[in-house]
>>> print(open('coords.csv').read())   # CSV, C-alpha atoms
chain,number,residue,atom,x,y,z
A,1,MET,CA,-219.7,-117.3,-103.9
A,2,LYS,CA,-219.3,-119.8,-101.0
A,3,THR,CA,-223.1,-119.8,-100.5
A,4,TYR,CA,-223.5,-120.6,-104.2
A,5,ARG,CA,-221.0,-123.5,-104.1
A,6,VAL,CA,-222.6,-125.0,-100.9
A,7,PHE,CA,-226.1,-124.8,-102.4
A,8,ALA,CA,-224.9,-126.3,-105.7
A,9,LEU,CA,-223.2,-129.3,-103.9
A,10,ARG,CA,-226.4,-129.8,-101.9
A,11,LEU,CA,-228.4,-129.9,-105.1
A,12,ARG,CA,-226.1,-132.4,-106.7
A,13,HIS,CA,-226.2,-134.6,-103.6
A,14,LEU,CA,-230.0,-134.6,-103.3
A,15,THR,CA,-230.3,-135.3,-107.0
A,16,ILE,CA,-228.3,-138.5,-106.7
A,17,GLU,CA,-229.8,-139.6,-103.3
A,18,ASN,CA,-233.4,-139.0,-104.3
A,19,SER,CA,-233.5,-140.0,-107.9
A,20,GLY,CA,-236.1,-142.6,-107.1
A,21,ASN,CA,-238.5,-139.9,-105.9
A,22,GLY,CA,-238.9,-138.4,-109.4
A,23,MET,CA,-237.9,-135.0,-110.6
A,24,ARG,CA,-240.3,-132.9,-108.5
A,25,ARG,CA,-237.9,-132.4,-105.7
A,26,ILE,CA,-235.1,-131.6,-108.1
A,27,PHE,CA,-237.1,-128.9,-109.7
A,28,SER,CA,-238.1,-127.5,-106.3
A,29,ILE,CA,-234.5,-127.2,-105.2
A,30,ALA,CA,-233.4,-125.8,-108.5
A,31,ALA,CA,-236.1,-123.1,-108.2
A,32,SER,CA,-234.9,-122.3,-104.7
A,33,PHE,CA,-231.4,-121.9,-106.0
A,34,VAL,CA,-232.6,-119.5,-108.7
A,35,LEU,CA,-234.4,-117.4,-106.1
A,36,LEU,CA,-231.3,-117.4,-103.8
A,37,ALA,CA,-229.1,-116.2,-106.7
A,38,ALA,CA,-231.6,-113.5,-107.6
A,39,PHE,CA,-231.7,-112.3,-104.0
A,40,ALA,CA,-227.9,-112.3,-103.7
A,41,HIS,CA,-227.7,-110.3,-106.9
A,42,ALA,CA,-230.2,-107.8,-105.5
A,43,GLN,CA,-228.2,-107.5,-102.3
A,44,THR,CA,-224.9,-106.8,-104.2
A,45,ASP,CA,-226.2,-104.5,-107.0
A,46,PRO,CA,-225.5,-100.9,-105.8
A,47,LEU,CA,-228.0,-99.4,-108.2
A,48,PRO,CA,-231.0,-101.8,-108.2
A,49,SER,CA,-233.5,-99.2,-109.6
A,50,TRP,CA,-231.3,-98.7,-112.7
A,51,ASN,CA,-231.8,-100.9,-115.7
A,52,ASP,CA,-228.7,-102.5,-117.1
A,53,GLY,CA,-227.4,-100.4,-120.0
A,54,ALA,CA,-224.9,-97.9,-121.0
A,55,ALA,CA,-225.6,-95.3,-118.3
A,56,LYS,CA,-225.4,-97.7,-115.4
A,57,THR,CA,-222.3,-99.3,-116.8
A,58,ALA,CA,-220.6,-96.0,-117.3
A,59,ILE,CA,-221.3,-95.0,-113.7
A,60,VAL,CA,-220.1,-98.4,-112.2
A,61,ASN,CA,-217.0,-98.5,-114.4
A,62,PHE,CA,-216.1,-94.9,-113.5
A,63,VAL,CA,-216.4,-95.6,-109.8
A,64,LYS,CA,-214.4,-98.8,-110.1
A,65,ALA,CA,-211.6,-97.0,-112.0
A,66,VAL,CA,-211.1,-94.2,-109.6
A,67,THR,CA,-211.2,-96.4,-106.5
A,68,ASP,CA,-208.7,-99.0,-107.8
A,69,SER,CA,-205.5,-98.1,-106.0
A,70,ALA,CA,-203.5,-100.1,-108.5
A,71,GLY,CA,-205.1,-98.6,-111.6
A,72,LYS,CA,-203.9,-95.6,-113.7
A,73,ASP,CA,-207.2,-93.7,-113.0
A,74,TYR,CA,-207.0,-93.9,-109.2
A,75,VAL,CA,-208.1,-90.8,-107.4
A,76,PRO,CA,-207.4,-90.4,-103.6
A,77,PRO,CA,-210.5,-90.1,-101.4
A,78,ALA,CA,-209.8,-86.5,-100.6
A,79,ASP,CA,-210.3,-85.6,-104.3
A,80,ARG,CA,-213.4,-87.7,-104.9
A,81,ILE,CA,-215.8,-84.8,-105.1
A,82,ALA,CA,-219.3,-85.3,-106.6
A,83,VAL,CA,-221.7,-82.4,-107.3
A,84,PHE,CA,-225.4,-82.6,-108.1
A,85,ASP,CA,-227.9,-80.1,-109.2
A,86,ASN,CA,-231.2,-80.5,-107.3
A,87,ASP,CA,-234.3,-79.4,-109.2
A,88,GLY,CA,-234.9,-82.0,-112.0
A,89,THR,CA,-231.8,-84.0,-111.0
A,90,LEU,CA,-232.5,-85.2,-107.5
A,91,TRP,CA,-236.2,-84.4,-107.3
A,92,ALA,CA,-238.9,-83.3,-109.7
A,93,GLU,CA,-239.3,-79.7,-110.9
A,94,LYS,CA,-242.7,-79.7,-112.6
A,95,PRO,CA,-245.2,-78.0,-112.9
A,96,VAL,CA,-242.8,-75.3,-111.6
A,97,TYR,CA,-239.8,-75.3,-109.2
A,98,PHE,CA,-241.0,-76.4,-105.8
A,99,GLN,CA,-239.5,-73.5,-104.0
A,100,LEU,CA,-241.7,-71.2,-106.1
A,101,LEU,CA,-244.7,-73.2,-105.0
A,102,PHE,CA,-243.5,-72.6,-101.4
A,103,ALA,CA,-243.3,-68.9,-102.1
A,104,ILE,CA,-246.9,-69.0,-103.6
A,105,ASP,CA,-248.2,-70.7,-100.5
A,106,ARG,CA,-246.4,-68.0,-98.4
A,107,VAL,CA,-248.0,-65.2,-100.4
A,108,ARG,CA,-251.5,-66.8,-99.7
A,109,ALA,CA,-250.7,-67.1,-96.0
A,110,LEU,CA,-249.5,-63.5,-95.8
A,111,ALA,CA,-252.2,-62.0,-98.1
A,112,PRO,CA,-254.6,-61.0,-95.3
A,113,GLN,CA,-251.8,-58.6,-94.0
A,114,HIS,CA,-251.4,-57.2,-97.5
A,115,PRO,CA,-254.7,-56.4,-99.1
A,116,GLU,CA,-252.9,-54.5,-101.9
A,117,TRP,CA,-251.6,-57.8,-103.2
A,118,LYS,CA,-255.0,-58.7,-104.5
A,119,THR,CA,-254.6,-56.2,-107.3
A,120,THR,CA,-250.8,-56.1,-107.6
A,121,GLN,CA,-248.7,-58.4,-109.8
A,122,PRO,CA,-247.0,-60.8,-109.3
A,123,PHE,CA,-248.8,-61.3,-106.0
A,124,LYS,CA,-252.3,-61.4,-107.6
A,125,ALA,CA,-251.1,-64.2,-109.9
A,126,ALA,CA,-249.7,-66.1,-107.0
A,127,ILE,CA,-252.9,-65.8,-105.0
A,128,GLU,CA,-254.9,-67.0,-107.9
A,129,GLY,CA,-252.5,-69.7,-109.0
A,130,ASP,CA,-252.1,-68.1,-112.4
A,131,PHE,CA,-248.8,-69.6,-113.6
A,132,ASP,CA,-249.0,-67.9,-117.0
A,133,ALA,CA,-249.1,-64.5,-115.4
A,134,LEU,CA,-246.3,-65.4,-113.1
A,135,ALA,CA,-244.2,-66.4,-116.0
A,136,ALA,CA,-245.1,-63.2,-117.8
A,137,SER,CA,-243.8,-61.2,-114.8
A,138,GLY,CA,-240.3,-62.5,-115.7
A,139,GLU,CA,-237.3,-62.8,-113.4
A,140,LYS,CA,-238.0,-59.4,-111.8
A,141,GLY,CA,-241.5,-60.5,-110.7
A,142,LEU,CA,-240.2,-63.8,-109.4
A,143,VAL,CA,-237.5,-62.1,-107.4
A,144,GLU,CA,-240.0,-59.7,-106.0
A,145,LEU,CA,-242.2,-62.7,-104.9
A,146,VAL,CA,-239.3,-64.5,-103.3
A,147,MET,CA,-238.1,-61.4,-101.4
A,148,ALA,CA,-241.5,-60.7,-100.0
A,149,THR,CA,-241.8,-64.2,-98.7
A,150,HIS,CA,-238.3,-65.2,-97.8
A,151,ALA,CA,-236.9,-62.0,-96.1
A,152,GLY,CA,-237.5,-59.9,-93.1
A,153,MET,CA,-237.1,-62.7,-90.5
A,154,THR,CA,-234.3,-64.5,-88.8
A,155,THR,CA,-232.7,-67.6,-90.3
A,156,GLU,CA,-234.2,-69.7,-87.5
A,157,ALA,CA,-237.7,-68.4,-88.2
A,158,PHE,CA,-237.3,-69.1,-92.0
A,159,ALA,CA,-236.0,-72.6,-91.3
A,160,LYS,CA,-239.1,-73.3,-89.2
A,161,ILE,CA,-241.5,-72.0,-91.9
A,162,VAL,CA,-239.8,-74.2,-94.5
A,163,GLY,CA,-239.8,-77.3,-92.2
A,164,ASP,CA,-243.5,-76.8,-91.4
A,165,TRP,CA,-244.4,-76.4,-95.1
A,166,ILE,CA,-242.4,-79.5,-96.1
A,167,LYS,CA,-244.4,-81.6,-93.6
A,168,ILE,CA,-247.8,-80.7,-94.9
A,169,ALA,CA,-247.6,-79.4,-98.5
A,170,GLN,CA,-248.5,-81.8,-101.3
A,171,HIS,CA,-247.6,-82.0,-104.9
A,172,PRO,CA,-250.6,-81.0,-107.1
A,173,ARG,CA,-250.3,-84.0,-109.4
A,174,PHE,CA,-249.2,-86.8,-107.1
A,175,LYS,CA,-250.9,-85.6,-103.9
A,176,ARG,CA,-247.8,-86.5,-101.9
A,177,PRO,CA,-245.3,-84.5,-99.9
A,178,TYR,CA,-242.7,-82.8,-102.1
A,179,THR,CA,-239.9,-84.8,-100.4
A,180,ASP,CA,-241.6,-88.0,-101.8
A,181,LEU,CA,-240.8,-86.6,-105.3
A,182,VAL,CA,-237.1,-87.5,-105.0
A,183,TYR,CA,-235.7,-89.9,-107.6
A,184,GLN,CA,-235.0,-93.4,-106.2
A,185,PRO,CA,-232.2,-94.1,-108.7
A,186,MET,CA,-230.4,-90.9,-107.6
A,187,LEU,CA,-230.8,-91.7,-103.9
A,188,GLU,CA,-229.0,-95.0,-104.7
A,189,LEU,CA,-226.3,-93.2,-106.7
A,190,LEU,CA,-225.6,-90.8,-103.8
A,191,ASN,CA,-225.3,-93.8,-101.4
A,192,TYR,CA,-223.1,-95.7,-103.9
A,193,LEU,CA,-220.7,-92.8,-104.2
A,194,ARG,CA,-220.5,-92.2,-100.5
A,195,ALA,CA,-219.9,-96.0,-99.9
A,196,ASN,CA,-216.8,-95.5,-102.2
A,197,ASP,CA,-215.5,-92.5,-100.3
A,198,PHE,CA,-216.9,-89.7,-102.4
A,199,LYS,CA,-218.0,-86.5,-100.8
A,200,THR,CA,-221.4,-85.5,-102.3
A,201,TYR,CA,-222.5,-81.9,-102.7
A,202,ILE,CA,-225.7,-80.3,-103.9
A,203,VAL,CA,-225.1,-77.3,-106.1
A,204,SER,CA,-228.5,-75.8,-106.8
A,205,GLY,CA,-230.0,-72.6,-108.2
A,206,GLY,CA,-232.5,-73.0,-105.4
A,207,GLY,CA,-232.2,-71.2,-102.1
A,208,ILE,CA,-229.4,-72.5,-99.9
A,209,GLU,CA,-231.4,-72.1,-96.6
A,210,PHE,CA,-234.5,-73.7,-98.2
A,211,LEU,CA,-232.5,-76.8,-99.1
A,212,ARG,CA,-230.5,-77.1,-95.9
A,213,VAL,CA,-233.7,-77.6,-93.8
A,214,TRP,CA,-234.3,-81.1,-95.3
A,215,ALA,CA,-231.4,-82.1,-97.5
A,216,ASP,CA,-229.7,-84.2,-94.8
A,217,ARG,CA,-232.8,-86.1,-93.9
A,218,VAL,CA,-233.8,-86.8,-97.5
A,219,TYR,CA,-230.5,-87.1,-99.4
A,220,GLY,CA,-228.0,-87.7,-96.6
A,221,VAL,CA,-226.2,-84.5,-97.6
A,222,PRO,CA,-225.4,-82.4,-94.6
A,223,PRO,CA,-226.0,-78.6,-94.5
A,224,GLU,CA,-222.3,-77.7,-95.0
A,225,GLN,CA,-222.4,-79.6,-98.3
A,226,VAL,CA,-225.3,-77.7,-99.8
A,227,ILE,CA,-224.5,-74.8,-102.1
A,228,GLY,CA,-227.3,-72.6,-103.4
A,229,SER,CA,-228.5,-69.1,-104.2
A,230,SER,CA,-228.6,-66.8,-101.2
A,231,ILE,CA,-229.9,-63.5,-100.0
A,232,VAL,CA,-228.1,-61.0,-97.8
A,233,THR,CA,-228.1,-61.7,-94.1
A,234,ARG,CA,-227.0,-59.4,-91.3
A,235,PHE,CA,-226.0,-59.9,-87.7
A,236,GLU,CA,-227.9,-58.2,-85.0
A,237,VAL,CA,-229.0,-58.7,-81.4
A,238,GLN,CA,-232.7,-59.1,-80.7
A,239,ASP,CA,-233.9,-59.1,-77.1
A,240,GLY,CA,-230.4,-59.9,-76.0
A,241,LYS,CA,-230.0,-62.8,-78.4
A,242,PRO,CA,-227.6,-62.7,-81.4
A,243,VAL,CA,-229.4,-63.6,-84.6
A,244,LEU,CA,-229.0,-63.5,-88.4
A,245,VAL,CA,-231.7,-61.6,-90.2
A,246,ARG,CA,-232.6,-62.2,-93.8
A,247,GLU,CA,-232.7,-59.0,-95.9
A,248,ASP,CA,-234.6,-58.4,-99.1
A,249,LYS,CA,-231.5,-58.3,-101.2
A,250,ILE,CA,-229.9,-60.9,-103.4
A,251,ASP,CA,-226.5,-62.0,-102.4
A,252,PHE,CA,-225.6,-64.7,-105.0
A,253,ILE,CA,-227.4,-66.6,-107.8
A,254,ASP,CA,-226.0,-70.1,-108.0
A,255,ASP,CA,-227.0,-70.9,-111.5
A,256,LYS,CA,-225.2,-71.3,-114.9
A,257,ALA,CA,-221.8,-69.6,-114.7
A,258,GLY,CA,-222.4,-69.1,-111.0
A,259,LYS,CA,-222.2,-72.8,-110.3
A,260,PRO,CA,-218.4,-73.3,-111.0
A,261,VAL,CA,-217.7,-70.0,-109.2
A,262,ALA,CA,-219.5,-71.3,-106.1
A,263,ILE,CA,-217.9,-74.7,-106.3
A,264,ASN,CA,-214.5,-73.1,-106.3
A,265,GLN,CA,-215.4,-70.7,-103.5
A,266,PHE,CA,-217.1,-73.2,-101.2
A,267,ILE,CA,-215.4,-76.5,-102.0
A,268,GLY,CA,-212.0,-75.5,-103.2
A,269,ARG,CA,-211.6,-78.6,-105.3
A,270,ARG,CA,-212.6,-79.3,-108.8
A,271,PRO,CA,-215.2,-82.2,-108.9
A,272,ILE,CA,-214.5,-85.4,-110.7
A,273,PHE,CA,-218.2,-86.3,-110.9
A,274,ALA,CA,-221.1,-84.0,-111.8
A,275,PHE,CA,-224.8,-84.5,-112.6
A,276,GLY,CA,-227.3,-82.1,-113.9
A,277,ASN,CA,-230.4,-82.0,-116.1
A,278,SER,CA,-230.6,-78.6,-117.7
A,279,ASP,CA,-228.8,-75.7,-119.4
A,280,GLY,CA,-228.4,-74.2,-116.0
A,281,ASP,CA,-226.0,-77.0,-115.2
A,282,LEU,CA,-223.9,-76.7,-118.4
A,283,GLN,CA,-221.1,-74.6,-117.0
A,284,MET,CA,-220.8,-76.9,-113.9
A,285,LEU,CA,-220.4,-79.9,-116.2
A,286,GLN,CA,-217.9,-78.0,-118.4
A,287,TRP,CA,-215.9,-77.0,-115.3
A,288,THR,CA,-215.8,-80.6,-114.2
A,289,ALA,CA,-214.8,-81.9,-117.6
A,290,ALA,CA,-211.9,-79.5,-117.8
A,291,GLY,CA,-210.0,-81.2,-115.0
A,292,ASP,CA,-206.9,-83.3,-115.6
A,293,ARG,CA,-208.2,-86.5,-114.0
A,294,THR,CA,-210.7,-89.1,-115.1
A,295,ARG,CA,-214.1,-87.4,-115.0
A,296,PHE,CA,-217.8,-88.3,-115.2
A,297,MET,CA,-220.4,-85.9,-116.5
A,298,GLY,CA,-224.0,-86.9,-116.5
A,299,LEU,CA,-227.4,-85.5,-117.5
A,300,VAL,CA,-230.9,-86.7,-116.5
A,301,HIS,CA,-233.1,-86.5,-119.6
A,302,HIS,CA,-236.8,-86.3,-118.8
A,303,THR,CA,-238.4,-88.7,-121.3
A,304,ASP,CA,-241.1,-90.4,-119.2
A,305,ALA,CA,-244.5,-88.7,-119.5
A,306,GLU,CA,-246.3,-91.5,-117.8
A,307,ARG,CA,-244.3,-91.9,-114.6
A,308,GLU,CA,-243.0,-88.3,-114.5
A,309,TRP,CA,-242.8,-85.8,-117.4
A,310,ALA,CA,-241.2,-85.6,-120.8
A,311,TYR,CA,-239.5,-82.4,-121.7
A,312,ASP,CA,-236.2,-80.9,-122.9
A,313,ARG,CA,-235.5,-78.2,-125.5
A,314,ASN,CA,-238.7,-76.1,-125.3
A,315,SER,CA,-239.5,-76.4,-121.6
A,316,ALA,CA,-239.9,-73.2,-119.6
A,317,VAL,CA,-238.8,-75.1,-116.6
A,318,GLY,CA,-235.6,-77.2,-116.7
A,319,ARG,CA,-234.8,-76.5,-120.4
A,320,LEU,CA,-232.3,-79.0,-121.7
A,321,ASP,CA,-231.0,-77.7,-125.1
A,322,LYS,CA,-227.4,-76.5,-125.2
A,323,ALA,CA,-226.3,-79.0,-122.5
A,324,LEU,CA,-227.9,-81.8,-124.4
A,325,ASP,CA,-225.9,-80.9,-127.5
A,326,ALA,CA,-222.7,-80.6,-125.5
A,327,ALA,CA,-223.3,-84.0,-123.9
A,328,SER,CA,-223.8,-85.6,-127.2
A,329,LYS,CA,-220.7,-83.9,-128.7
A,330,ASN,CA,-218.4,-84.6,-125.7
A,331,GLY,CA,-219.5,-88.1,-124.9
A,332,TRP,CA,-221.1,-87.3,-121.5
A,333,THR,CA,-223.6,-89.8,-120.1
A,334,ILE,CA,-227.2,-89.0,-120.9
A,335,VAL,CA,-229.6,-90.9,-118.6
A,336,ASP,CA,-232.9,-91.6,-120.4
A,337,MET,CA,-235.4,-91.7,-117.6
A,338,LYS,CA,-237.9,-93.9,-119.4
A,339,ARG,CA,-235.2,-96.4,-120.6
A,340,ASP,CA,-232.6,-96.4,-117.8
A,341,TRP,CA,-234.7,-96.2,-114.7
A,342,LYS,CA,-236.8,-99.2,-113.5
A,343,GLN,CA,-238.4,-96.9,-110.9
A,344,VAL,CA,-238.6,-93.1,-110.7
A,345,PHE,CA,-240.0,-92.2,-107.3
A,346,PRO,CA,-239.6,-94.3,-104.1
A,347,PHE,CA,-243.4,-94.7,-103.9
A,348,GLN,CA,-243.6,-96.2,-107.4
A,349,ARG,CA,-243.1,-99.9,-107.9
>>> encode(input="coords.csv", output="structure tokens")
Amino acid sequence: MKTYRVFALRLRHLTIENSGNGMRRIFSIAASFVLLAAFAHAQTDPLPSWNDGAAKTAIVNFVKAVTDSAGKDYVPPADRIAVFDNDGTLWAEKPVYFQLLFAIDRVRALAPQHPEWKTTQPFKAAIEGDFDALAASGEKGLVELVMATHAGMTTEAFAKIVGDWIKIAQHPRFKRPYTDLVYQPMLELLNYLRANDFKTYIVSGGGIEFLRVWADRVYGVPPEQVIGSSIVTRFEVQDGKPVLVREDKIDFIDDKAGKPVAINQFIGRRPIFAFGNSDGDLQMLQWTAAGDRTRFMGLVHHTDAEREWAYDRNSAVGRLDKALDAASKNGWTIVDMKRDWKQVFPFQR
């Protein structure tokens, strides 16, 4: 505000002193003042990629309420836990979940060692890029695909494979690395929460070790704050070196009712802030809402077919049906991507 006052006084002074020079200089100075004010606003707006509206206001008001030590809704920093789904909430999830695309690429890379895959489903569908056949294989087929490509190696070897893939793989529509397909407004939201002493967690149905490779670099969420689905690992010594080996057995599925179970098990505190985008996140939002403090529950609603995709109740990926009804009924915040976001991806302007 001091900068504004100084500039305003300077404008008034120059208007009086230079009135004989006409209005041109006054208009120039006034325009400079407007630009300065706009710049200052951009610097102080914690969510610049969000359009002003109900969703942005709800977020900002919530954060102000729980961080005001004199207010009735104050929450101590230790209890400021925020949880986010990943697929469709922090980054895109179309045409299929990106980890499945990673598995498909791994099948193709390993196919020369498995000639039988050319005629065996779901491997045949993966090699040919037949998503309809992959969908028809159901959960059993997808699990078989993931086990064949994610297991039988050490955790270090798997992390290297994921890291190498993330560096070179490109999204089929946007022709950019998958880590470019993160949502700019949600990156700003993560930073805004952390600036206000929130601890941010990812709670995803995706693989925990797949996410941990890049989540810190892309989201600023360290590995210990990533919760996801997992497969069984065992300890053994290989060539005199202790390692953890990934087995072809499911350990835990962090989806739907599994999400609040995992939050309780790995965080030990009920969140006060939760964001999802699909029915797979409904129980996490319900668990958050059931707490006795002021809470925030949010859903990303994919409504922008031009900049991203438009889908909800009938989508095979990221279906938003029951959770959408629950949000409307309970007054949770629904973020309309087309209406509420000025920008979707960091590379879009």
>>> closest_residue(input="coords.csv", among="A:Gln238, A:Gly129, A:Ser229, A:Gly88", to="Thr303 (chain A)", atoms="all atoms listed in the file")
A:Gly88
>>> closest_residue(input="coords.csv", among="A:Ala54, A:Ala169, A:Leu285, A:Ala262", to="Arg106 (chain A)", atoms="only C-alpha atoms")
A:Ala169
>>> residues_around(input="coords.csv", residues="region 240-255 of chain A", least_positions_apart="5", cutoff="7 Å", atoms="all atoms listed in the file", output="PDB file with C-alpha atoms, in the coordinates of the input")
ATOM      1  CA  MET A 147    -238.100 -61.400-101.400  1.00  0.00           C
ATOM      2  CA  ALA A 151    -236.900 -62.000 -96.100  1.00  0.00           C
ATOM      3  CA  GLY A 152    -237.500 -59.900 -93.100  1.00  0.00           C
ATOM      4  CA  MET A 153    -237.100 -62.700 -90.500  1.00  0.00           C
ATOM      5  CA  THR A 154    -234.300 -64.500 -88.800  1.00  0.00           C
ATOM      6  CA  THR A 155    -232.700 -67.600 -90.300  1.00  0.00           C
ATOM      7  CA  SER A 204    -228.500 -75.800-106.800  1.00  0.00           C
ATOM      8  CA  GLY A 205    -230.000 -72.600-108.200  1.00  0.00           C
ATOM      9  CA  GLY A 228    -227.300 -72.600-103.400  1.00  0.00           C
ATOM     10  CA  SER A 229    -228.500 -69.100-104.200  1.00  0.00           C
ATOM     11  CA  SER A 230    -228.600 -66.800-101.200  1.00  0.00           C
ATOM     12  CA  ILE A 231    -229.900 -63.500-100.000  1.00  0.00           C
ATOM     13  CA  VAL A 232    -228.100 -61.000 -97.800  1.00  0.00           C
ATOM     14  CA  THR A 233    -228.100 -61.700 -94.100  1.00  0.00           C
ATOM     15  CA  ARG A 234    -227.000 -59.400 -91.300  1.00  0.00           C
ATOM     16  CA  PHE A 235    -226.000 -59.900 -87.700  1.00  0.00           C
ATOM     17  CA  ALA A 262    -219.500 -71.300-106.100  1.00  0.00           C
ATOM     18  CA  GLY A 280    -228.400 -74.200-116.000  1.00  0.00           C
TER      19      GLY A 280
END
>>> residues_near_point(input="coords.csv", point="(-233.2, -78.6, -123.3)", cutoff="8 Å", atoms="all atoms listed in the file", output="list in words")
Ser278, Asp279, Tyr311, Asp312, Arg313, Asn314, Ser315, Gly318, Arg319, Leu320, Asp321, Lys322, Ala323 and Leu324 of chain A
>>> closest_residue(input="coords.csv", among="A:Leu101, A:Ala316, A:Ile168, A:Leu282", to="Asp85 (chain A)", atoms="all atoms listed in the file")
A:Leu282
>>> residues_around(input="coords.csv", residues="Ala103 (chain A)", least_positions_apart="2", cutoff="10 Å", atoms="only C-alpha atoms", output="PyMOL selection string")
chain A and resi 98-101+105-109+126+142+145-150+162
>>> residues_around(input="coords.csv", residues="Ala65 (chain A)", least_positions_apart="2", cutoff="12 Å", atoms="all atoms listed in the file", output="PyMOL selection string")
chain A and resi 57-63+67-76+80+196+293-296
>>> write_last_selection(input="coords.csv", atoms="C-alpha atoms", output="compact mmCIF listing (two decimals), in the coordinates of the input")
# COMPACT_ATOMS: atom_id res chain seq x y z
CA THR A 57 -222.30 -99.30 -116.80
CA ALA A 58 -220.60 -96.00 -117.30
CA ILE A 59 -221.30 -95.00 -113.70
CA VAL A 60 -220.10 -98.40 -112.20
CA ASN A 61 -217.00 -98.50 -114.40
CA PHE A 62 -216.10 -94.90 -113.50
CA VAL A 63 -216.40 -95.60 -109.80
CA THR A 67 -211.20 -96.40 -106.50
CA ASP A 68 -208.70 -99.00 -107.80
CA SER A 69 -205.50 -98.10 -106.00
CA ALA A 70 -203.50 -100.10 -108.50
CA GLY A 71 -205.10 -98.60 -111.60
CA LYS A 72 -203.90 -95.60 -113.70
CA ASP A 73 -207.20 -93.70 -113.00
CA TYR A 74 -207.00 -93.90 -109.20
CA VAL A 75 -208.10 -90.80 -107.40
CA PRO A 76 -207.40 -90.40 -103.60
CA ARG A 80 -213.40 -87.70 -104.90
CA ASN A 196 -216.80 -95.50 -102.20
CA ARG A 293 -208.20 -86.50 -114.00
CA THR A 294 -210.70 -89.10 -115.10
CA ARG A 295 -214.10 -87.40 -115.00
CA PHE A 296 -217.80 -88.30 -115.20
>>> residues_around(input="coords.csv", residues="Phe266 (chain A)", least_positions_apart="2", cutoff="10 Å", atoms="only C-alpha atoms", output="PyMOL selection string")
chain A and resi 224-227+260-264+268-269
>>> residues_near_point(input="coords.csv", point="(-220.7, -85.1, -118.6)", cutoff="8 Å", atoms="all atoms listed in the file", output="list in words")
Ala274, Phe275, Leu285, Gln286, Thr288, Ala289, Arg295, Phe296, Met297, Gly298, Leu299, Ala327, Asn330, Gly331, Trp332, Thr333 and Ile334 of chain A
>>> write_last_selection(input="coords.csv", atoms="C-alpha atoms", output="PDB file, in the frame of the given file")
ATOM      1  CA  ALA A 274    -221.100 -84.000-111.800  1.00  0.00           C
ATOM      2  CA  PHE A 275    -224.800 -84.500-112.600  1.00  0.00           C
ATOM      3  CA  LEU A 285    -220.400 -79.900-116.200  1.00  0.00           C
ATOM      4  CA  GLN A 286    -217.900 -78.000-118.400  1.00  0.00           C
ATOM      5  CA  THR A 288    -215.800 -80.600-114.200  1.00  0.00           C
ATOM      6  CA  ALA A 289    -214.800 -81.900-117.600  1.00  0.00           C
ATOM      7  CA  ARG A 295    -214.100 -87.400-115.000  1.00  0.00           C
ATOM      8  CA  PHE A 296    -217.800 -88.300-115.200  1.00  0.00           C
ATOM      9  CA  MET A 297    -220.400 -85.900-116.500  1.00  0.00           C
ATOM     10  CA  GLY A 298    -224.000 -86.900-116.500  1.00  0.00           C
ATOM     11  CA  LEU A 299    -227.400 -85.500-117.500  1.00  0.00           C
ATOM     12  CA  ALA A 327    -223.300 -84.000-123.900  1.00  0.00           C
ATOM     13  CA  ASN A 330    -218.400 -84.600-125.700  1.00  0.00           C
ATOM     14  CA  GLY A 331    -219.500 -88.100-124.900  1.00  0.00           C
ATOM     15  CA  TRP A 332    -221.100 -87.300-121.500  1.00  0.00           C
ATOM     16  CA  THR A 333    -223.600 -89.800-120.100  1.00  0.00           C
ATOM     17  CA  ILE A 334    -227.200 -89.000-120.900  1.00  0.00           C
TER      18      ILE A 334
END
>>> residues_around(input="coords.csv", residues="Arg339 (chain A)", least_positions_apart="6", cutoff="9 Å", atoms="all atoms listed in the file", output="list in words")
Asn51, Gly53, Thr303 and Asp304 of chain A
>>> atom_distance(input="coords.csv", atom1="CA of Pro222 (chain A)", atom2="CA of Leu181 (chain A)")
19.2 Å
>>> closest_residue(input="coords.csv", among="A:Phe158, A:Tyr183, A:Tyr178, A:Tyr192", to="Thr44 (chain A)", atoms="all atoms listed in the file")
A:Tyr192
>>> atom_distance(input="coords.csv", atom1="CA of Ala257 (chain A)", atom2="CA of Val66 (chain A)")
27.3 Å
>>> atom_distance(input="coords.csv", atom1="CA of Val218 (chain A)", atom2="CA of Pro77 (chain A)")
23.9 Å
>>> closest_residue(input="coords.csv", among="A:Val83, A:Val213, A:Ala290, A:Val344", to="Arg194 (chain A)", atoms="only C-alpha atoms")
A:Val83
